[in-house]
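Coordinates from query.txt are shown below (compact mmCIF, C-alpha atoms (C1' of nucleotides)).
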# COMPACT_ATOMS: atom_id res chain seq x y z
CA MET A 13 15.53 -31.23 0.36
CA LEU A 14 16.36 -30.28 3.92
CA VAL A 15 14.82 -27.05 5.13
CA ALA A 16 18.18 -25.94 6.49
CA ASP A 17 19.62 -25.99 2.97
CA ARG A 18 17.25 -23.26 1.96
CA LEU A 19 18.32 -20.96 4.75
CA SER A 20 20.95 -18.24 4.68
CA PRO A 21 22.42 -16.17 7.49
CA THR A 22 19.67 -13.68 6.70
CA SER A 23 17.10 -16.30 7.58
CA TYR A 24 18.64 -16.81 10.98
CA VAL A 25 18.76 -13.10 11.61
CA VAL A 26 15.01 -13.02 11.10
CA LEU A 27 14.35 -16.14 13.16
CA GLY A 28 16.68 -14.98 15.91
CA THR A 29 15.31 -11.48 16.12
CA ILE A 30 11.77 -12.75 16.37
CA ALA A 31 12.90 -15.23 19.01
CA LEU A 32 14.36 -12.40 21.07
CA ARG A 33 11.60 -9.82 20.64
CA GLY A 34 8.53 -11.96 20.19
CA PRO A 35 6.00 -11.54 17.38
CA SER A 36 7.14 -8.81 15.00
CA THR A 37 6.22 -7.06 11.80
CA SER A 38 8.78 -6.49 9.07
CA TYR A 39 9.09 -2.92 10.19
CA ASP A 40 9.79 -4.00 13.75
CA LEU A 41 12.52 -6.23 12.42
CA LYS A 42 13.96 -3.45 10.37
CA ARG A 43 14.22 -1.16 13.35
CA ALA A 44 15.48 -3.85 15.71
CA VAL A 45 18.15 -4.92 13.26
CA GLY A 46 19.13 -1.34 12.59
CA ARG A 47 19.79 -0.78 16.28
CA SER A 48 21.72 -3.97 16.89
CA ILE A 49 22.93 -6.45 14.33
CA GLY A 50 23.09 -3.73 11.72
CA TYR A 51 26.29 -2.52 13.35
CA PHE A 52 28.17 -5.67 12.54
CA TRP A 53 26.23 -7.25 9.71
CA HIS A 54 25.18 -5.14 6.80
CA PHE A 55 21.60 -5.58 5.80
CA PRO A 56 19.42 -4.22 3.02
CA HIS A 57 15.99 -3.54 4.46
CA ALA A 58 14.07 -5.00 1.53
CA GLN A 59 15.17 -8.42 2.71
CA LEU A 60 13.32 -8.00 5.97
CA TYR A 61 10.13 -7.87 3.93
CA SER A 62 10.73 -10.80 1.61
CA GLU A 63 12.57 -13.16 3.91
CA PRO A 64 9.84 -13.62 6.55
CA GLN A 65 7.43 -14.57 3.79
CA ARG A 66 9.84 -17.24 2.59
CA LEU A 67 10.15 -18.54 6.13
CA VAL A 68 6.39 -18.79 6.42
CA GLU A 69 6.37 -20.97 3.32
CA LEU A 70 9.02 -23.17 4.90
CA GLY A 71 6.91 -23.50 8.02
CA LEU A 72 9.36 -21.76 10.32
CA LEU A 73 7.17 -18.73 10.95
CA ASP A 74 3.49 -18.10 10.83
CA ALA A 75 1.84 -14.84 9.99
CA GLU A 76 -1.26 -12.97 10.99
CA THR A 77 -2.56 -9.98 9.09
CA GLU A 78 -4.30 -7.13 10.90
CA ALA A 79 -7.99 -7.06 10.05
CA GLN A 80 -8.24 -3.39 9.21
CA GLY A 81 -6.12 -0.27 8.89
CA ARG A 82 -2.63 -0.88 7.64
CA ARG A 83 -3.10 -4.60 7.55
CA ARG A 84 0.35 -5.15 9.00
CA ARG A 85 1.59 -8.70 8.94
CA THR A 86 2.86 -9.96 12.27
CA PHE A 87 5.19 -12.93 12.21
CA ARG A 88 5.74 -15.35 15.01
CA LEU A 89 8.04 -18.33 15.47
CA THR A 90 6.63 -21.81 14.99
CA ASP A 91 7.98 -24.77 16.92
CA ALA A 92 9.81 -25.85 13.80
CA GLY A 93 11.30 -22.38 13.55
CA LEU A 94 12.59 -22.45 17.08
CA ASP A 95 14.06 -25.91 16.55
CA GLU A 96 15.79 -24.79 13.41
CA LEU A 97 17.28 -21.78 15.16
CA ARG A 98 18.48 -23.88 18.08
CA ALA A 99 20.01 -26.45 15.76
CA TRP A 100 21.88 -23.72 13.97
CA LEU A 101 23.16 -22.29 17.26
CA ALA A 102 24.42 -25.71 18.24
CA GLU A 103 26.12 -26.64 15.00
CA PRO A 104 29.74 -25.85 14.06
CA THR A 105 30.57 -22.66 12.21
CA PRO A 106 33.03 -23.51 9.47
CA GLU A 107 33.19 -20.13 7.70
CA HIS A 108 35.82 -17.65 8.72
CA PHE A 109 34.60 -14.10 9.12
CA GLN A 110 34.63 -11.92 6.06
CA MET A 111 35.74 -8.34 5.98
CA ARG A 112 35.03 -5.77 3.38
CA ASP A 113 37.16 -2.76 3.97
CA ILE A 114 37.61 -0.29 1.16
CA ALA A 115 40.40 1.36 3.11
CA GLU A 116 42.34 -1.90 3.24
CA LEU A 117 41.90 -2.26 -0.50
CA LYS A 118 43.26 1.21 -1.09
CA LEU A 119 46.16 0.47 1.18
CA PHE A 120 46.97 -2.67 -0.77
CA PHE A 121 47.20 -0.66 -3.97
CA ASN A 122 49.01 2.28 -2.41
CA GLU A 123 52.08 1.84 -4.62
CA VAL A 124 50.07 3.11 -7.55
CA GLY A 125 48.94 6.32 -5.88
CA GLU A 126 50.57 9.57 -4.81
CA PRO A 127 52.87 9.63 -1.79
CA GLY A 128 50.41 11.62 0.33
CA ASP A 129 47.49 9.25 -0.20
CA VAL A 130 48.39 6.81 2.54
CA ALA A 131 48.69 9.47 5.19
CA ARG A 132 45.36 10.99 4.22
CA LEU A 133 43.75 7.57 4.27
CA ALA A 134 45.22 6.77 7.66
CA ARG A 135 44.06 10.06 9.14
CA GLU A 136 40.55 9.44 7.90
CA GLN A 137 40.48 5.94 9.26
CA VAL A 138 41.75 6.98 12.65
CA ALA A 139 38.92 9.49 12.88
CA ALA A 140 36.31 7.01 11.65
CA HIS A 141 37.30 4.27 14.07
CA ARG A 142 37.48 6.71 16.99
CA GLU A 143 33.97 7.81 16.17
CA ARG A 144 32.68 4.28 16.01
CA ILE A 145 34.36 3.44 19.31
CA ALA A 146 32.56 6.37 20.89
CA VAL A 147 29.24 5.08 19.58
CA TYR A 148 29.87 1.61 20.96
CA GLU A 149 31.01 2.90 24.32
CA ASP A 150 27.92 5.01 24.54
CA MET A 151 25.72 2.02 23.82
CA GLN A 152 27.61 0.01 26.38
CA ALA A 153 27.14 2.67 29.01
CA ARG A 154 23.43 3.03 28.30
CA TYR A 155 22.59 -0.65 28.35
CA ALA A 156 25.21 -2.01 30.72
CA ASP A 157 22.82 -2.62 33.57
CA LEU A 158 19.73 -3.69 31.68
CA ASP A 159 19.64 -7.36 32.49
CA ALA A 160 17.22 -7.94 29.65
CA VAL A 161 19.79 -7.20 26.99
CA ALA A 162 23.05 -7.88 28.81
CA LYS A 163 23.64 -11.16 27.03
CA ARG A 164 23.37 -9.57 23.62
CA MET A 165 25.62 -6.71 24.55
CA ILE A 166 28.57 -9.04 24.67
CA THR A 167 28.92 -8.71 20.92
CA LEU A 168 29.68 -5.08 21.58
CA ARG A 169 32.90 -6.17 23.26
CA LEU A 170 33.92 -7.98 20.11
CA GLY A 171 33.05 -4.93 18.06
CA LEU A 172 35.14 -2.78 20.34
CA GLU A 173 38.11 -5.15 20.14
CA MET A 174 37.93 -4.97 16.35
CA GLU A 175 37.65 -1.22 16.29
CA HIS A 176 40.56 -0.81 18.66
CA ALA A 177 42.65 -3.16 16.56
CA ALA A 178 41.92 -1.14 13.45
CA LEU A 179 42.58 2.09 15.29
CA ARG A 180 45.92 0.80 16.55
CA PHE A 181 46.93 -0.20 13.07
CA TRP A 182 46.00 3.04 11.36
CA SER A 183 47.50 5.15 14.15
CA ALA A 184 50.78 3.29 13.93
CA LEU A 185 50.78 3.67 10.16
CA LEU A 186 50.11 7.37 10.51
CA ASP A 187 53.07 7.70 12.85
CA GLU A 188 55.26 6.00 10.27
CA VAL A 189 54.24 7.93 7.19
CA GLY A 190 53.41 11.21 8.85
CA MET B 1067 26.87 9.62 -16.44
CA LEU B 1068 30.28 9.66 -14.84
CA VAL B 1069 32.40 6.57 -15.44
CA ALA B 1070 33.16 6.37 -11.73
CA ASP B 1071 29.48 5.86 -10.98
CA ARG B 1072 29.54 2.61 -12.87
CA LEU B 1073 32.42 1.22 -10.84
CA SER B 1074 32.28 -0.96 -7.77
CA PRO B 1075 35.03 -2.06 -5.43
CA THR B 1076 35.36 -5.09 -7.69
CA SER B 1077 36.27 -2.80 -10.55
CA TYR B 1078 39.09 -1.28 -8.56
CA VAL B 1079 40.37 -4.68 -7.56
CA VAL B 1080 40.73 -5.49 -11.23
CA LEU B 1081 42.26 -2.14 -12.16
CA GLY B 1082 44.58 -2.24 -9.19
CA THR B 1083 45.75 -5.79 -9.72
CA ILE B 1084 46.55 -5.09 -13.35
CA ALA B 1085 48.35 -1.93 -12.30
CA LEU B 1086 50.53 -3.93 -9.93
CA ARG B 1087 51.25 -6.95 -12.12
CA GLY B 1088 51.08 -5.49 -15.58
CA PRO B 1089 49.04 -6.96 -18.44
CA SER B 1090 47.05 -9.94 -17.24
CA THR B 1091 44.53 -12.50 -18.32
CA SER B 1092 41.47 -13.25 -16.26
CA TYR B 1093 43.13 -16.38 -15.01
CA ASP B 1094 46.17 -14.41 -13.91
CA LEU B 1095 43.86 -12.12 -11.99
CA LYS B 1096 42.10 -15.01 -10.41
CA ARG B 1097 45.34 -16.48 -9.11
CA ALA B 1098 46.79 -13.16 -8.02
CA VAL B 1099 43.62 -12.24 -6.15
CA GLY B 1100 43.44 -15.67 -4.57
CA ARG B 1101 46.91 -15.27 -3.12
CA SER B 1102 46.46 -11.75 -1.82
CA ILE B 1103 43.25 -9.76 -1.66
CA GLY B 1104 41.22 -12.93 -1.42
CA TYR B 1105 42.28 -13.21 2.20
CA PHE B 1106 40.51 -10.07 3.21
CA TRP B 1107 37.94 -9.51 0.50
CA HIS B 1108 35.78 -12.37 -0.66
CA PHE B 1109 35.58 -12.78 -4.38
CA PRO B 1110 33.70 -15.12 -6.70
CA HIS B 1111 36.00 -16.03 -9.58
CA ALA B 1112 33.37 -15.53 -12.27
CA GLN B 1113 33.59 -11.81 -11.69
CA LEU B 1114 37.20 -11.77 -12.78
CA TYR B 1115 35.99 -12.87 -16.18
CA SER B 1116 33.05 -10.51 -16.62
CA GLU B 1117 34.39 -7.42 -14.92
CA PRO B 1118 37.42 -6.82 -17.16
CA GLN B 1119 35.12 -6.93 -20.17
CA ARG B 1120 32.93 -4.25 -18.61
CA LEU B 1121 35.99 -2.15 -17.96
CA VAL B 1122 37.05 -2.47 -21.58
CA GLU B 1123 33.68 -1.10 -22.60
CA LEU B 1124 34.18 1.82 -20.22
CA GLY B 1125 37.57 2.51 -21.78
CA LEU B 1126 39.58 1.77 -18.64
CA LEU B 1127 41.23 -1.35 -20.00
CA ASP B 1128 42.05 -2.60 -23.43
CA ALA B 1129 42.26 -6.19 -24.48
CA GLU B 1130 44.26 -8.26 -26.87
CA THR B 1131 43.34 -11.77 -27.88
CA GLU B 1132 45.99 -14.39 -28.63
CA ALA B 1133 46.02 -15.24 -32.30
CA GLN B 1134 45.95 -19.00 -31.94
CA GLY B 1135 45.74 -21.75 -29.33
CA ARG B 1136 43.71 -20.85 -26.30
CA ARG B 1137 43.04 -17.37 -27.57
CA ARG B 1138 43.56 -15.96 -24.11
CA ARG B 1139 42.51 -12.36 -23.65
CA THR B 1140 45.17 -10.18 -22.08
CA PHE B 1141 43.99 -6.95 -20.46
CA ARG B 1142 46.10 -3.88 -19.93
CA LEU B 1143 45.45 -0.56 -18.26
CA THR B 1144 44.64 2.43 -20.45
CA ASP B 1145 45.62 5.94 -19.43
CA ALA B 1146 42.02 6.55 -18.46
CA GLY B 1147 42.11 3.40 -16.33
CA LEU B 1148 45.21 4.50 -14.48
CA ASP B 1149 43.72 7.96 -13.90
CA GLU B 1150 40.55 6.45 -12.57
CA LEU B 1151 42.46 4.21 -10.19
CA ARG B 1152 44.60 7.09 -8.97
CA ALA B 1153 41.57 9.29 -8.46
CA TRP B 1154 39.96 6.58 -6.39
CA LEU B 1155 43.09 6.17 -4.27
CA ALA B 1156 43.13 9.90 -3.62
CA GLU B 1157 39.48 10.35 -2.75
CA PRO B 1158 37.94 10.01 0.72
CA THR B 1159 36.59 6.68 1.87
CA PRO B 1160 33.27 7.31 3.56
CA GLU B 1161 32.15 3.73 4.13
CA HIS B 1162 33.01 2.02 7.38
CA PHE B 1163 34.32 -1.49 7.01
CA GLN B 1164 31.78 -4.26 6.94
CA MET B 1165 32.08 -7.52 8.78
CA ARG B 1166 30.19 -10.68 8.21
CA ASP B 1167 30.84 -13.05 11.04
CA ILE B 1168 28.47 -15.94 11.52
CA ALA B 1169 30.02 -16.59 14.91
CA GLU B 1170 29.16 -13.09 16.07
CA LEU B 1171 25.60 -13.63 14.89
CA LYS B 1172 25.34 -16.83 16.88
CA LEU B 1173 26.75 -15.11 19.90
CA PHE B 1174 24.16 -12.37 19.63
CA PHE B 1175 21.38 -14.92 19.71
CA ASN B 1176 22.98 -17.11 22.39
CA GLU B 1177 20.10 -16.56 24.83
CA VAL B 1178 17.95 -18.77 22.67
CA GLY B 1179 20.36 -21.71 22.61
CA GLU B 1180 21.61 -24.28 25.08
CA PRO B 1181 24.03 -23.28 27.85
CA GLY B 1182 26.95 -25.20 26.31
CA ASP B 1183 26.67 -23.57 22.88
CA VAL B 1184 28.67 -20.47 23.68
CA ALA B 1185 31.63 -22.41 25.05
CA ARG B 1186 31.68 -24.67 22.01
CA LEU B 1187 31.49 -21.69 19.71
CA ALA B 1188 34.28 -19.91 21.55
CA ARG B 1189 36.53 -22.97 21.43
CA GLU B 1190 35.98 -23.27 17.69
CA GLN B 1191 36.69 -19.63 17.09
CA VAL B 1192 39.86 -19.67 19.14
CA ALA B 1193 41.13 -22.53 17.01
CA ALA B 1194 40.09 -20.90 13.75
CA HIS B 1195 41.71 -17.57 14.52
CA ARG B 1196 44.91 -19.24 15.74
CA GLU B 1197 45.09 -21.10 12.47
CA ARG B 1198 44.57 -17.98 10.43
CA ILE B 1199 47.22 -16.16 12.42
CA ALA B 1200 49.66 -18.94 11.63
CA VAL B 1201 48.91 -18.58 7.93
CA TYR B 1202 49.46 -14.83 8.00
CA GLU B 1203 52.65 -15.12 10.00
CA ASP B 1204 53.95 -17.64 7.55
CA MET B 1205 53.21 -15.33 4.65
CA GLN B 1206 54.88 -12.50 6.48
CA ALA B 1207 57.99 -14.55 7.09
CA ARG B 1208 58.20 -15.68 3.50
CA TYR B 1209 57.76 -12.29 1.88
CA ALA B 1210 59.22 -10.02 4.52
CA ASP B 1211 62.37 -9.21 2.62
CA LEU B 1212 61.06 -9.12 -0.93
CA ASP B 1213 61.20 -5.42 -1.66
CA ALA B 1214 58.91 -5.90 -4.62
CA VAL B 1215 55.93 -6.76 -2.50
CA ALA B 1216 56.84 -5.13 0.82
CA LYS B 1217 54.40 -2.27 0.35
CA ARG B 1218 51.48 -4.59 -0.18
CA MET B 1219 52.38 -6.75 2.76
CA ILE B 1220 51.42 -3.98 5.09
CA THR B 1221 47.81 -5.07 4.82
CA LEU B 1222 48.91 -8.29 6.46
CA ARG B 1223 49.62 -6.33 9.61
CA LEU B 1224 46.06 -5.08 9.63
CA GLY B 1225 44.82 -8.61 9.09
CA LEU B 1226 46.93 -9.82 11.97
CA GLU B 1227 45.68 -7.06 14.27
CA MET B 1228 42.12 -8.08 13.48
CA GLU B 1229 42.78 -11.75 14.01
CA HIS B 1230 44.49 -11.11 17.32
CA ALA B 1231 41.62 -8.93 18.44
CA ALA B 1232 39.15 -11.68 17.64
CA LEU B 1233 41.35 -14.25 19.31
CA ARG B 1234 41.61 -12.14 22.46
CA PHE B 1235 37.87 -11.75 22.60
CA TRP B 1236 37.01 -15.40 22.12
CA SER B 1237 39.72 -16.55 24.51
CA ALA B 1238 38.48 -14.23 27.22
CA LEU B 1239 34.94 -15.39 26.64
CA LEU B 1240 36.05 -18.99 26.86
CA ASP B 1241 37.72 -18.28 30.20
CA GLU B 1242 34.48 -16.83 31.47
CA VAL B 1243 32.08 -19.53 30.34
CA GLY B 1244 34.37 -22.44 29.58
C1' DC C 879 49.85 -43.12 -28.12
C1' DG C 880 46.38 -42.61 -24.74
C1' DC C 881 44.93 -41.23 -20.48
C1' DA C 882 44.91 -38.44 -16.21
C1' DT C 883 45.29 -34.13 -14.50
C1' DA C 884 45.81 -29.43 -14.20
C1' DC C 885 44.73 -25.26 -16.78
C1' DG C 886 41.59 -21.80 -18.44
C1' DA C 887 37.08 -19.92 -19.51
C1' DT C 888 32.17 -19.46 -19.64
C1' DC C 889 27.33 -20.04 -18.56
C1' DC C 890 23.31 -19.51 -16.12
C1' DG C 891 19.78 -19.73 -12.50
C1' DT C 892 19.38 -17.76 -8.06
C1' DT C 893 19.98 -14.40 -4.54
C1' DT C 894 21.32 -9.95 -2.98
C1' DC C 895 21.37 -5.26 -3.28
C1' DG C 896 19.79 -0.71 -2.55
C1' DG C 897 17.55 3.13 -4.16
C1' DA C 898 13.37 5.02 -5.57
C1' DC C 899 8.79 5.28 -5.05
C1' DG C 900 4.04 5.12 -3.22
C1' DG C 901 0.62 4.63 0.04
C1' DT C 902 -1.06 5.40 5.11
C1' DA C 903 -1.65 7.22 9.71
C1' DT C 904 -1.08 11.04 13.11
C1' DG C 905 -0.68 15.30 15.30
C1' DG C 906 -0.65 20.20 15.09
C1' DC C 907 -2.26 24.30 13.48
C1' DA C 908 -5.15 27.44 10.87
C1' DT D 1448 -13.04 20.79 10.79
C1' DG D 1449 -9.75 20.50 7.13
C1' DC D 1450 -5.08 20.66 5.60
C1' DC D 1451 -0.36 19.89 5.73
C1' DA D 1452 4.01 18.10 7.36
C1' DT D 1453 6.05 14.33 8.92
C1' DA D 1454 6.81 10.05 10.34
C1' DC D 1455 5.44 5.38 9.36
C1' DC D 1456 5.30 1.36 6.47
C1' DG D 1457 5.80 -1.49 2.42
C1' DT D 1458 6.99 -2.79 -2.38
C1' DC D 1459 9.21 -2.84 -6.82
C1' DC D 1460 12.69 -3.43 -10.01
C1' DG D 1461 17.00 -3.22 -12.59
C1' DA D 1462 21.57 -4.20 -11.70
C1' DA D 1463 25.13 -6.78 -9.63
C1' DA D 1464 26.88 -10.61 -7.11
C1' DC D 1465 27.12 -15.34 -6.45
C1' DG D 1466 28.83 -19.88 -7.06
C1' DG D 1467 28.51 -24.20 -8.93
C1' DA D 1468 28.45 -26.88 -12.99
C1' DT D 1469 30.35 -27.57 -17.20
C1' DC D 1470 33.35 -27.75 -21.05
C1' DG D 1471 37.27 -27.24 -23.96
C1' DT D 1472 42.62 -27.16 -24.00
C1' DA D 1473 47.26 -28.26 -22.95
C1' DT D 1474 50.80 -31.08 -20.69
C1' DG D 1475 53.15 -34.71 -18.65
C1' DC D 1476 53.63 -39.44 -17.77
C1' DG D 1477 53.42 -44.34 -18.31
Give the structure from the file, written as structure tokens.
Amino acid sequence: MLVADRLSPTSYVVLGTIALRGPSTSYDLKRAVGRSIGYFWHFPHAQLYSEPQRLVELGLLDAETEAQGRRRRTFRLTDAGLDELRAWLAEPTPEHFQMRDIAELKLFFNEVGEPGDVARLAREQVAAHRERIAVYEDMQARYADLDAVAKRMITLRLGLEMEHAALRFWSALLDEVG
Amino acid sequence: MLVADRLSPTSYVVLGTIALRGPSTSYDLKRAVGRSIGYFWHFPHAQLYSEPQRLVELGLLDAETEAQGRRRRTFRLTDAGLDELRAWLAEPTPEHFQMRDIAELKLFFNEVGEPGDVARLAREQVAAHRERIAVYEDMQARYADLDAVAKRMITLRLGLEMEHAALRFWSALLDEVG
DNA sequence: CGCATACGATCCGTTTCGGACGGTATGGCA
DNA sequence: TGCCATACCGTCCGAAACGGATCGTATGCG
């Protein structure tokens, strides 16, 4: 069995984050993911504890446990791990993105609800997307000139495009239904 | 324990789809979801067989089994089920939408890859989003004047906004690195 | 009549999920 | 110095989600 067959997107998040930050504990990963990828890829933290262990067993990471104190486990990329990550970056991406938007679901079923529901929903969504846009713009402003992270920050532009698209849609809908 | 606490978005997809189409078998649900919600909310078909049964136990659906032949089970909404659905439609939606976009993940980690990777990725994504836009536009054209489904088709507009946003982003990126 | 194909349903092992919990270090204050 | 509050850090576990494999049933066609 190919190693790559045993890997999920989660695996690559772990490999990639360690590649970017250097040797990391699970807690480091948790915080790093929370501040970055977490915004566009939902992630239960428990995975950041189990997944690295799996990757060690597959030979893509190795681990070192602190001698005393908390006995934190620090994971670092092996050569095989880096190769695997690079291969993944180079290969085609057949899956289309997936969305999970409760609001869109509610909108789809709006016929069943009360007349006012759609307007309330739209108002809420407008507010939520505005808020998120503010967060992204703030991040962009704070990191814009840090060369070290500039290349990662490009995903923020995609996030902003998406948020603006959603905002446009819900605003227009709100105009229509009042 | 409140009934609503035992419900997931999946539950509302089932309740909502039955509300829109009337009494349905699991297979009906599977096809209906595949043609509509499936485009913006990923769904393993097995759930459409287990979830209705759960909802029967919660009193939100009731079921009738064909006497002979395939003994299909047809599910219909109970009053409690309709109330539950309506309550959900009326209540606030605190969660922000979630995306899962492998391409965005790869872009975030692009520093680790080869220089050409980003351009290849962008080219792929441009093609994929163009294709999806064509599908949506086709659906829109075909159903535009069917009053029966017009209200649901509004979610298509949101889907199109999202796809165009993604397309804009990847096209611009391609211009920059391509 | 027999076979190919689409229809319809279920099973089951694996992975994900997320919330709850429990232990550990640190700094401040009494 | 000892205690407490708080942040830090890690794990567990039941419940869903997942998806692929499988299996019976009807239908149409040669």
Can you tell me which residues surround stretch 890-898 of chain C at a distance of at most 12 Å, considering all atoms listed in the file, apart from same-chain residues fewer than 4 positions away, and format the answer as an mmCIF file with C-alpha atoms (C1' of nucleotides), in the frame of the given file?
data_model
loop_
_atom_site.group_PDB
_atom_site.id
_atom_site.type_symbol
_atom_site.label_atom_id
_atom_site.label_comp_id
_atom_site.auth_asym_id
_atom_site.auth_seq_id
_atom_site.Cartn_x
_atom_site.Cartn_y
_atom_site.Cartn_z
ATOM 1 C CA ARG A 18 17.250 -23.260 1.960
ATOM 2 C CA LEU A 19 18.320 -20.960 4.750
ATOM 3 C CA SER A 20 20.950 -18.240 4.680
ATOM 4 C CA THR A 22 19.670 -13.680 6.700
ATOM 5 C CA HIS A 54 25.180 -5.140 6.800
ATOM 6 C CA PHE A 55 21.600 -5.580 5.800
ATOM 7 C CA PRO A 56 19.420 -4.220 3.020
ATOM 8 C CA HIS A 57 15.990 -3.540 4.460
ATOM 9 C CA ALA A 58 14.070 -5.000 1.530
ATOM 10 C CA GLN A 59 15.170 -8.420 2.710
ATOM 11 C CA SER A 62 10.730 -10.800 1.610
ATOM 12 C CA GLU A 63 12.570 -13.160 3.910
ATOM 13 C CA ALA B 1112 33.370 -15.530 -12.270
ATOM 14 C "C1'" DT D 1458 6.990 -2.790 -2.380
ATOM 15 C "C1'" DC D 1459 9.210 -2.840 -6.820
ATOM 16 C "C1'" DC D 1460 12.690 -3.430 -10.010
ATOM 17 C "C1'" DG D 1461 17.000 -3.220 -12.590
ATOM 18 C "C1'" DA D 1462 21.570 -4.200 -11.700
ATOM 19 C "C1'" DA D 1463 25.130 -6.780 -9.630
ATOM 20 C "C1'" DA D 1464 26.880 -10.610 -7.110
ATOM 21 C "C1'" DC D 1465 27.120 -15.340 -6.450
ATOM 22 C "C1'" DG D 1466 28.830 -19.880 -7.060
ATOM 23 C "C1'" DG D 1467 28.510 -24.200 -8.930
ATOM 24 C "C1'" DA D 1468 28.450 -26.880 -12.990
ATOM 25 C "C1'" DT D 1469 30.350 -27.570 -17.200
#
Write out as number ranges by chain which residues come within 10 Å of C:DA887 when counting all atoms listed in the file, dropping same-chain ones fewer than 5 positions away. B: 1092-1093, 1112, 1115, 1136, 1138; D: 1470-1471
Selection: 12 Å around C:DT902, only C-alpha atoms (C1' of nucleotides), excl. self and same-chain fewer than 2 positions, as a list in words: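 Near C:DT902, the qualifying residues are Gly81, Arg82, Arg83 and Arg84 of chain A; DG900 and DT904 of chain C; DA1454, DC1455, DC1456 and DG1457 of chain D.
Across the structure, atom CA of B:Phe1141 and atom CA of B:Leu1127 are spaced 6.3 Å apart.
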Show which residues sit within 8 Å of A:Asn122, as a ChimeraX atom specification. Count all atoms listed in the file, and ignore same-chain residues fewer than 4 positions away. /A:118,126,129-130 /B:1155,1217-1218
Using all atoms listed in the file, find the residues of chain B whose closest atom to chain A is at most 8 Å away, then write them as a short mmCIF file (atom, residue, chain, number, x, y, z; two decimals) with C-alpha atoms, in the frame of the given file.
data_model
loop_
_atom_site.label_atom_id
_atom_site.label_comp_id
_atom_site.auth_asym_id
_atom_site.auth_seq_id
_atom_site.Cartn_x
_atom_site.Cartn_y
_atom_site.Cartn_z
CA PRO B 1075 35.03 -2.06 -5.43
CA VAL B 1079 40.37 -4.68 -7.56
CA GLY B 1082 44.58 -2.24 -9.19
CA THR B 1083 45.75 -5.79 -9.72
CA ALA B 1085 48.35 -1.93 -12.30
CA LEU B 1086 50.53 -3.93 -9.93
CA ILE B 1103 43.25 -9.76 -1.66
CA PHE B 1106 40.51 -10.07 3.21
CA TRP B 1107 37.94 -9.51 0.50
CA HIS B 1108 35.78 -12.37 -0.66
CA ARG B 1152 44.60 7.09 -8.97
CA LEU B 1155 43.09 6.17 -4.27
CA ALA B 1156 43.13 9.90 -3.62
CA PRO B 1158 37.94 10.01 0.72
CA THR B 1159 36.59 6.68 1.87
CA GLU B 1161 32.15 3.73 4.13
CA HIS B 1162 33.01 2.02 7.38
CA PHE B 1163 34.32 -1.49 7.01
CA GLN B 1164 31.78 -4.26 6.94
CA MET B 1165 32.08 -7.52 8.78
CA ARG B 1166 30.19 -10.68 8.21
CA ASP B 1167 30.84 -13.05 11.04
CA ILE B 1168 28.47 -15.94 11.52
CA ALA B 1169 30.02 -16.59 14.91
CA GLU B 1170 29.16 -13.09 16.07
CA LEU B 1171 25.60 -13.63 14.89
CA LYS B 1172 25.34 -16.83 16.88
CA LEU B 1173 26.75 -15.11 19.90
CA PHE B 1174 24.16 -12.37 19.63
CA PHE B 1175 21.38 -14.92 19.71
CA ASN B 1176 22.98 -17.11 22.39
CA GLU B 1177 20.10 -16.56 24.83
CA VAL B 1178 17.95 -18.77 22.67
CA GLY B 1179 20.36 -21.71 22.61
CA GLU B 1180 21.61 -24.28 25.08
CA ASP B 1183 26.67 -23.57 22.88
CA LEU B 1187 31.49 -21.69 19.71
CA GLU B 1190 35.98 -23.27 17.69
CA ALA B 1194 40.09 -20.90 13.75
CA LYS B 1217 54.40 -2.27 0.35
CA ARG B 1218 51.48 -4.59 -0.18
CA MET B 1219 52.38 -6.75 2.76
CA ILE B 1220 51.42 -3.98 5.09
CA THR B 1221 47.81 -5.07 4.82
CA ARG B 1223 49.62 -6.33 9.61
CA LEU B 1224 46.06 -5.08 9.63
CA GLU B 1227 45.68 -7.06 14.27
CA MET B 1228 42.12 -8.08 13.48
CA ALA B 1231 41.62 -8.93 18.44
CA ALA B 1232 39.15 -11.68 17.64
CA PHE B 1235 37.87 -11.75 22.60
#
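With all atoms listed in the file as the atoms that count, the residue of C:DC907, C:DC899, C:DC879, C:DC885 with the shortest distance to B:Asp1094 is C:DC885.
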State, in Å with one decimal place, the distance from atom CA of B:Ala1098 to atom CA of B:Val1122.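 Pair atom CA of B:Ala1098 / atom CA of B:Val1122 returns 19.8 Å.
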Quick one: distance from atom CA of B:Ser1237 to atom CA of B:Ile1199 in Å, one decimal? 14.2 Å
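Of the listed residues B:Leu1114, B:Ala1070, B:Ala1200, B:Leu1143, the one whose atoms come nearest to chain D is B:Leu1114, with distances taken using all atoms listed in the file.
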Write out as a short mmCIF file (atom, residue, chain, number, x, y, z; two decimals) with C-alpha atoms (C1' of nucleotides), in the frame of the given file each polymer residue whose atoms come within 12 Å of C:DA884, counting all atoms listed in the file; drop sequence neighbours fewer than 6 positions from it.
data_model
loop_
_atom_site.label_atom_id
_atom_site.label_comp_id
_atom_site.auth_asym_id
_atom_site.auth_seq_id
_atom_site.Cartn_x
_atom_site.Cartn_y
_atom_site.Cartn_z
"C1'" DT D 1472 42.62 -27.16 -24.00
"C1'" DA D 1473 47.26 -28.26 -22.95
"C1'" DT D 1474 50.80 -31.08 -20.69
"C1'" DG D 1475 53.15 -34.71 -18.65
#
